[in-house]
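**Q** Input: one structure, supplied below.
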Amino acid sequence: MPTFRIKEAARLLGVSDDTLRRWADGGRVETTTDAAGRRAVDGAALARLAQDLAEAADHTKGRTMVAHSARNRFQGLVTRVVRDTVMAQVEIQAGPYRVVSLLSREAADELGLEPGMLAIATVKATNVSVEIPQTG
């Protein structure tokens, strides 16, 4: 299983190095020592913590929603809305991720989408590609 140095693990979680160290010191995530003798987090433990953080940050609590089938949800801030006569391009910054959506102008207007608003990008796709980055 891969391990991630504290700095890299913190970046993946969207928190500071110090926050992740405090969480590790408090027992929220277990750390190990990598081959170079530096503090690291096991990939599986990091994935569990990321899931726990995402579940704890469910910002849909207390809001009207009966059910939904899409599982890929990215909450963030609308950073840009470009409208033409028929379509709108909406950009949402969800943590370190930029999500771009093309929707009808009518839908964008009905939602009142403007930069600075909180929004949730819900993605349901029949084809999702998974890539493994080169390390080292």
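How things are named: the first chain in the structure tokens is A, the next is B, and so on; residues count from 1 in each chain; ligands count from 1 in the order shown.
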Among region 23-101 of chain A, which ones does DSSP assign to alpha helix (DSSP H) (computed from the backbone)? Answer as number ranges by chain.
**A** A: 23-25, 43-56
**Q** Kindly save the residues from that selection, with N, CA, C and O atoms included, as a PDB file, in the first residue's frame.
**A**
ATOM      1  N   TRP A  23      -4.160  16.175  13.988  1.00  0.00           N
ATOM      2  CA  TRP A  23      -5.072  15.036  13.901  1.00  0.00           C
ATOM      3  C   TRP A  23      -4.335  13.734  14.174  1.00  0.00           C
ATOM      4  O   TRP A  23      -4.851  12.857  14.871  1.00  0.00           O
ATOM      5  N   ALA A  24      -3.117  13.606  13.644  1.00  0.00           N
ATOM      6  CA  ALA A  24      -2.325  12.392  13.880  1.00  0.00           C
ATOM      7  C   ALA A  24      -1.946  12.283  15.355  1.00  0.00           C
ATOM      8  O   ALA A  24      -2.066  11.214  15.965  1.00  0.00           O
ATOM      9  N   ASP A  25      -1.510  13.398  15.944  1.00  0.00           N
ATOM     10  CA  ASP A  25      -1.144  13.400  17.365  1.00  0.00           C
ATOM     11  C   ASP A  25      -2.347  13.075  18.240  1.00  0.00           C
ATOM     12  O   ASP A  25      -2.197  12.462  19.297  1.00  0.00           O
ATOM     13  N   GLY A  43      -1.867   4.948   2.707  1.00  0.00           N
ATOM     14  CA  GLY A  43      -2.885   5.323   1.731  1.00  0.00           C
ATOM     15  C   GLY A  43      -4.292   4.906   2.129  1.00  0.00           C
ATOM     16  O   GLY A  43      -5.252   5.665   1.946  1.00  0.00           O
ATOM     17  N   ALA A  44      -4.448   3.709   2.671  1.00  0.00           N
ATOM     18  CA  ALA A  44      -5.779   3.243   3.068  1.00  0.00           C
ATOM     19  C   ALA A  44      -6.327   4.076   4.228  1.00  0.00           C
ATOM     20  O   ALA A  44      -7.508   4.429   4.251  1.00  0.00           O
ATOM     21  N   ALA A  45      -5.458   4.414   5.191  1.00  0.00           N
ATOM     22  CA  ALA A  45      -5.892   5.243   6.326  1.00  0.00           C
ATOM     23  C   ALA A  45      -6.262   6.642   5.843  1.00  0.00           C
ATOM     24  O   ALA A  45      -7.238   7.236   6.310  1.00  0.00           O
ATOM     25  N   LEU A  46      -5.495   7.158   4.886  1.00  0.00           N
ATOM     26  CA  LEU A  46      -5.793   8.478   4.333  1.00  0.00           C
ATOM     27  C   LEU A  46      -7.132   8.464   3.603  1.00  0.00           C
ATOM     28  O   LEU A  46      -7.934   9.395   3.740  1.00  0.00           O
ATOM     29  N   ALA A  47      -7.403   7.410   2.860  1.00  0.00           N
ATOM     30  CA  ALA A  47      -8.678   7.295   2.146  1.00  0.00           C
ATOM     31  C   ALA A  47      -9.852   7.241   3.125  1.00  0.00           C
ATOM     32  O   ALA A  47     -10.890   7.880   2.910  1.00  0.00           O
ATOM     33  N   ARG A  48      -9.694   6.503   4.222  1.00  0.00           N
ATOM     34  CA  ARG A  48     -10.768   6.435   5.229  1.00  0.00           C
ATOM     35  C   ARG A  48     -11.015   7.804   5.850  1.00  0.00           C
ATOM     36  O   ARG A  48     -12.161   8.210   6.041  1.00  0.00           O
ATOM     37  N   LEU A  49      -9.933   8.521   6.157  1.00  0.00           N
ATOM     38  CA  LEU A  49     -10.077   9.855   6.738  1.00  0.00           C
ATOM     39  C   LEU A  49     -10.760  10.796   5.747  1.00  0.00           C
ATOM     40  O   LEU A  49     -11.636  11.572   6.132  1.00  0.00           O
ATOM     41  N   ALA A  50     -10.393  10.717   4.480  1.00  0.00           N
ATOM     42  CA  ALA A  50     -11.020  11.560   3.456  1.00  0.00           C
ATOM     43  C   ALA A  50     -12.521  11.285   3.381  1.00  0.00           C
ATOM     44  O   ALA A  50     -13.328  12.216   3.292  1.00  0.00           O
ATOM     45  N   GLN A  51     -12.911  10.022   3.457  1.00  0.00           N
ATOM     46  CA  GLN A  51     -14.334   9.673   3.442  1.00  0.00           C
ATOM     47  C   GLN A  51     -15.034  10.206   4.687  1.00  0.00           C
ATOM     48  O   GLN A  51     -16.137  10.742   4.603  1.00  0.00           O
ATOM     49  N   ASP A  52     -14.407  10.050   5.842  1.00  0.00           N
ATOM     50  CA  ASP A  52     -14.990  10.553   7.088  1.00  0.00           C
ATOM     51  C   ASP A  52     -15.199  12.063   7.023  1.00  0.00           C
ATOM     52  O   ASP A  52     -16.239  12.579   7.438  1.00  0.00           O
ATOM     53  N   LEU A  53     -14.204  12.776   6.496  1.00  0.00           N
ATOM     54  CA  LEU A  53     -14.314  14.232   6.383  1.00  0.00           C
ATOM     55  C   LEU A  53     -15.444  14.631   5.435  1.00  0.00           C
ATOM     56  O   LEU A  53     -16.198  15.569   5.708  1.00  0.00           O
ATOM     57  N   ALA A  54     -15.558  13.918   4.325  1.00  0.00           N
ATOM     58  CA  ALA A  54     -16.606  14.229   3.353  1.00  0.00           C
ATOM     59  C   ALA A  54     -17.991  13.983   3.941  1.00  0.00           C
ATOM     60  O   ALA A  54     -18.907  14.786   3.766  1.00  0.00           O
ATOM     61  N   GLU A  55     -18.150  12.881   4.666  1.00  0.00           N
ATOM     62  CA  GLU A  55     -19.446  12.578   5.287  1.00  0.00           C
ATOM     63  C   GLU A  55     -19.786  13.582   6.378  1.00  0.00           C
ATOM     64  O   GLU A  55     -20.935  13.991   6.512  1.00  0.00           O
ATOM     65  N   ALA A  56     -18.788  13.986   7.148  1.00  0.00           N
ATOM     66  CA  ALA A  56     -19.031  14.949   8.228  1.00  0.00           C
ATOM     67  C   ALA A  56     -19.378  16.326   7.681  1.00  0.00           C
ATOM     68  O   ALA A  56     -20.037  17.116   8.351  1.00  0.00           O
TER      69      ALA A  56
END
**Q** Residues near region 95-102 of chain A, anyone? I mean within 10 Å using only C-alpha atoms, not counting same-chain ones fewer than 2 positions away, as a PDB file with N, CA and C atoms, in the first residue's frame.
**A**
ATOM      1  N   ARG A  11      -2.268  18.098   1.632  1.00  0.00           N
ATOM      2  CA  ARG A  11      -2.705  18.731   0.389  1.00  0.00           C
ATOM      3  C   ARG A  11      -3.871  17.959  -0.230  1.00  0.00           C
ATOM      4  N   LEU A  12      -3.799  16.631  -0.209  1.00  0.00           N
ATOM      5  CA  LEU A  12      -4.873  15.811  -0.762  1.00  0.00           C
ATOM      6  C   LEU A  12      -6.182  15.993   0.009  1.00  0.00           C
ATOM      7  N   LEU A  13      -6.073  16.251   1.315  1.00  0.00           N
ATOM      8  CA  LEU A  13      -7.269  16.458   2.142  1.00  0.00           C
ATOM      9  C   LEU A  13      -7.752  17.904   2.113  1.00  0.00           C
ATOM     10  N   GLY A  14      -6.907  18.806   1.627  1.00  0.00           N
ATOM     11  CA  GLY A  14      -7.285  20.220   1.607  1.00  0.00           C
ATOM     12  C   GLY A  14      -7.151  20.890   2.962  1.00  0.00           C
ATOM     13  N   VAL A  15      -6.201  20.399   3.768  1.00  0.00           N
ATOM     14  CA  VAL A  15      -5.943  20.996   5.080  1.00  0.00           C
ATOM     15  C   VAL A  15      -4.462  21.346   5.168  1.00  0.00           C
ATOM     16  N   PHE A  74     -19.887  17.428  -5.634  1.00  0.00           N
ATOM     17  CA  PHE A  74     -18.794  18.326  -5.305  1.00  0.00           C
ATOM     18  C   PHE A  74     -19.372  19.666  -4.883  1.00  0.00           C
ATOM     19  N   GLN A  75     -19.308  19.965  -3.599  1.00  0.00           N
ATOM     20  CA  GLN A  75     -19.797  21.249  -3.120  1.00  0.00           C
ATOM     21  C   GLN A  75     -18.695  22.278  -3.231  1.00  0.00           C
ATOM     22  N   GLY A  76     -19.052  23.458  -3.686  1.00  0.00           N
ATOM     23  CA  GLY A  76     -18.059  24.503  -3.808  1.00  0.00           C
ATOM     24  C   GLY A  76     -18.694  25.839  -4.097  1.00  0.00           C
ATOM     25  N   LEU A  77     -17.855  26.782  -4.478  1.00  0.00           N
ATOM     26  CA  LEU A  77     -18.319  28.137  -4.780  1.00  0.00           C
ATOM     27  C   LEU A  77     -18.362  28.341  -6.280  1.00  0.00           C
ATOM     28  N   VAL A  78     -19.430  28.960  -6.743  1.00  0.00           N
ATOM     29  CA  VAL A  78     -19.514  29.343  -8.150  1.00  0.00           C
ATOM     30  C   VAL A  78     -18.485  30.451  -8.352  1.00  0.00           C
ATOM     31  N   THR A  79     -17.591  30.258  -9.317  1.00  0.00           N
ATOM     32  CA  THR A  79     -16.548  31.256  -9.565  1.00  0.00           C
ATOM     33  C   THR A  79     -16.773  32.024 -10.856  1.00  0.00           C
ATOM     34  N   ARG A  80     -17.575  31.465 -11.758  1.00  0.00           N
ATOM     35  CA  ARG A  80     -17.788  32.127 -13.043  1.00  0.00           C
ATOM     36  C   ARG A  80     -19.064  31.610 -13.679  1.00  0.00           C
ATOM     37  N   VAL A  81     -19.829  32.522 -14.278  1.00  0.00           N
ATOM     38  CA  VAL A  81     -21.025  32.154 -15.033  1.00  0.00           C
ATOM     39  C   VAL A  81     -20.987  32.950 -16.332  1.00  0.00           C
ATOM     40  N   VAL A  82     -20.959  32.239 -17.451  1.00  0.00           N
ATOM     41  CA  VAL A  82     -20.970  32.886 -18.765  1.00  0.00           C
ATOM     42  C   VAL A  82     -22.250  32.460 -19.460  1.00  0.00           C
ATOM     43  N   ARG A  83     -23.112  33.433 -19.745  1.00  0.00           N
ATOM     44  CA  ARG A  83     -24.401  33.147 -20.382  1.00  0.00           C
ATOM     45  C   ARG A  83     -24.407  33.657 -21.820  1.00  0.00           C
ATOM     46  N   MET A  87     -27.316  28.907 -23.847  1.00  0.00           N
ATOM     47  CA  MET A  87     -26.575  28.093 -22.890  1.00  0.00           C
ATOM     48  C   MET A  87     -25.849  28.953 -21.867  1.00  0.00           C
ATOM     49  N   ALA A  88     -25.402  28.291 -20.794  1.00  0.00           N
ATOM     50  CA  ALA A  88     -24.584  28.943 -19.765  1.00  0.00           C
ATOM     51  C   ALA A  88     -23.458  27.990 -19.387  1.00  0.00           C
ATOM     52  N   GLN A  89     -22.281  28.553 -19.163  1.00  0.00           N
ATOM     53  CA  GLN A  89     -21.148  27.789 -18.657  1.00  0.00           C
ATOM     54  C   GLN A  89     -20.929  28.226 -17.223  1.00  0.00           C
ATOM     55  N   VAL A  90     -20.968  27.260 -16.309  1.00  0.00           N
ATOM     56  CA  VAL A  90     -20.839  27.551 -14.882  1.00  0.00           C
ATOM     57  C   VAL A  90     -19.599  26.837 -14.354  1.00  0.00           C
ATOM     58  N   GLU A  91     -18.738  27.591 -13.657  1.00  0.00           N
ATOM     59  CA  GLU A  91     -17.543  27.014 -13.065  1.00  0.00           C
ATOM     60  C   GLU A  91     -17.700  27.028 -11.548  1.00  0.00           C
ATOM     61  N   ILE A  92     -17.394  25.894 -10.938  1.00  0.00           N
ATOM     62  CA  ILE A  92     -17.466  25.751  -9.483  1.00  0.00           C
ATOM     63  C   ILE A  92     -16.103  25.307  -8.981  1.00  0.00           C
ATOM     64  N   GLN A  93     -15.590  25.981  -7.973  1.00  0.00           N
ATOM     65  CA  GLN A  93     -14.336  25.582  -7.339  1.00  0.00           C
ATOM     66  C   GLN A  93     -14.703  24.775  -6.101  1.00  0.00           C
ATOM     67  N   SER A 104     -28.535  24.830 -19.720  1.00  0.00           N
ATOM     68  CA  SER A 104     -29.329  25.826 -20.436  1.00  0.00           C
ATOM     69  C   SER A 104     -29.290  27.147 -19.675  1.00  0.00           C
ATOM     70  N   ARG A 105     -29.410  28.211 -20.418  1.00  0.00           N
ATOM     71  CA  ARG A 105     -29.442  29.529 -19.775  1.00  0.00           C
ATOM     72  C   ARG A 105     -30.666  29.609 -18.867  1.00  0.00           C
ATOM     73  N   ALA A 108     -29.805  28.054 -15.566  1.00  0.00           N
ATOM     74  CA  ALA A 108     -28.896  28.918 -14.803  1.00  0.00           C
ATOM     75  C   ALA A 108     -29.645  30.112 -14.228  1.00  0.00           C
ATOM     76  N   ILE A 120     -23.693  22.850  -5.520  1.00  0.00           N
ATOM     77  CA  ILE A 120     -23.241  21.466  -5.536  1.00  0.00           C
ATOM     78  C   ILE A 120     -23.279  20.974  -6.978  1.00  0.00           C
ATOM     79  N   ALA A 121     -22.126  20.535  -7.479  1.00  0.00           N
ATOM     80  CA  ALA A 121     -22.056  19.934  -8.804  1.00  0.00           C
ATOM     81  C   ALA A 121     -22.289  18.441  -8.611  1.00  0.00           C
ATOM     82  N   THR A 122     -23.325  17.928  -9.219  1.00  0.00           N
ATOM     83  CA  THR A 122     -23.644  16.513  -9.127  1.00  0.00           C
ATOM     84  C   THR A 122     -23.305  15.881 -10.470  1.00  0.00           C
ATOM     85  N   VAL A 123     -22.448  14.879 -10.448  1.00  0.00           N
ATOM     86  CA  VAL A 123     -21.959  14.286 -11.676  1.00  0.00           C
ATOM     87  C   VAL A 123     -22.413  12.838 -11.755  1.00  0.00           C
TER      88      VAL A 123
END
**Q** Just the residues within 9 Å of Ile6 (chain A), please, counting only C-alpha atoms, with nothing from its chain fewer than 2 positions along; format it as a VMD selection string.
**A** chain A and resid 4 8 to 11 17 to 18 20 to 21 31 38 to 41
**Q** Go ahead and dump the residues you just picked, C-alpha atoms, as a PDB file, in the first residue's frame.
**A**
ATOM      1  CA  PHE A   4       2.027   9.745   1.644  1.00  0.00           C
ATOM      2  CA  GLU A   8       1.264  15.552   0.456  1.00  0.00           C
ATOM      3  CA  ALA A   9      -1.474  13.912   2.537  1.00  0.00           C
ATOM      4  CA  ALA A  10      -2.546  17.292   3.905  1.00  0.00           C
ATOM      5  CA  ARG A  11      -2.705  18.731   0.389  1.00  0.00           C
ATOM      6  CA  ASP A  17       0.294  20.269   7.365  1.00  0.00           C
ATOM      7  CA  ASP A  18      -0.155  21.433  10.950  1.00  0.00           C
ATOM      8  CA  LEU A  20      -2.930  16.885   9.782  1.00  0.00           C
ATOM      9  CA  ARG A  21      -0.137  16.615  12.355  1.00  0.00           C
ATOM     10  CA  THR A  31       0.989   7.591  10.878  1.00  0.00           C
ATOM     11  CA  ARG A  38       9.877  10.793   7.776  1.00  0.00           C
ATOM     12  CA  ARG A  39       6.359  10.710   9.160  1.00  0.00           C
ATOM     13  CA  ALA A  40       3.852   9.392   6.618  1.00  0.00           C
ATOM     14  CA  VAL A  41       0.225   8.271   6.333  1.00  0.00           C
TER      15      VAL A  41
END
**Q** Using only C-alpha atoms, pick whichever of A:Ala94, A:Asp109, A:Pro115, A:Val86 has the shortest atom-to-atom distance to Arg73 (chain A).
**A**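 Result for the nearest residue to Arg73 (chain A): A:Ala94.
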**Q** Based on DSSP run over this structure's backbone, return all residues of chain A in strand (DSSP E), as a PyMOL selection string.
**A** chain A and resi 3-5+31-33+39-42+72-83+87-94+97-104+118-123
**Q** For CA of Leu118 (chain A) and CA of Leu103 (chain A), quote the distance in Å rounded to one decimal.
**A**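 These two atoms are separated by 17.1 Å.
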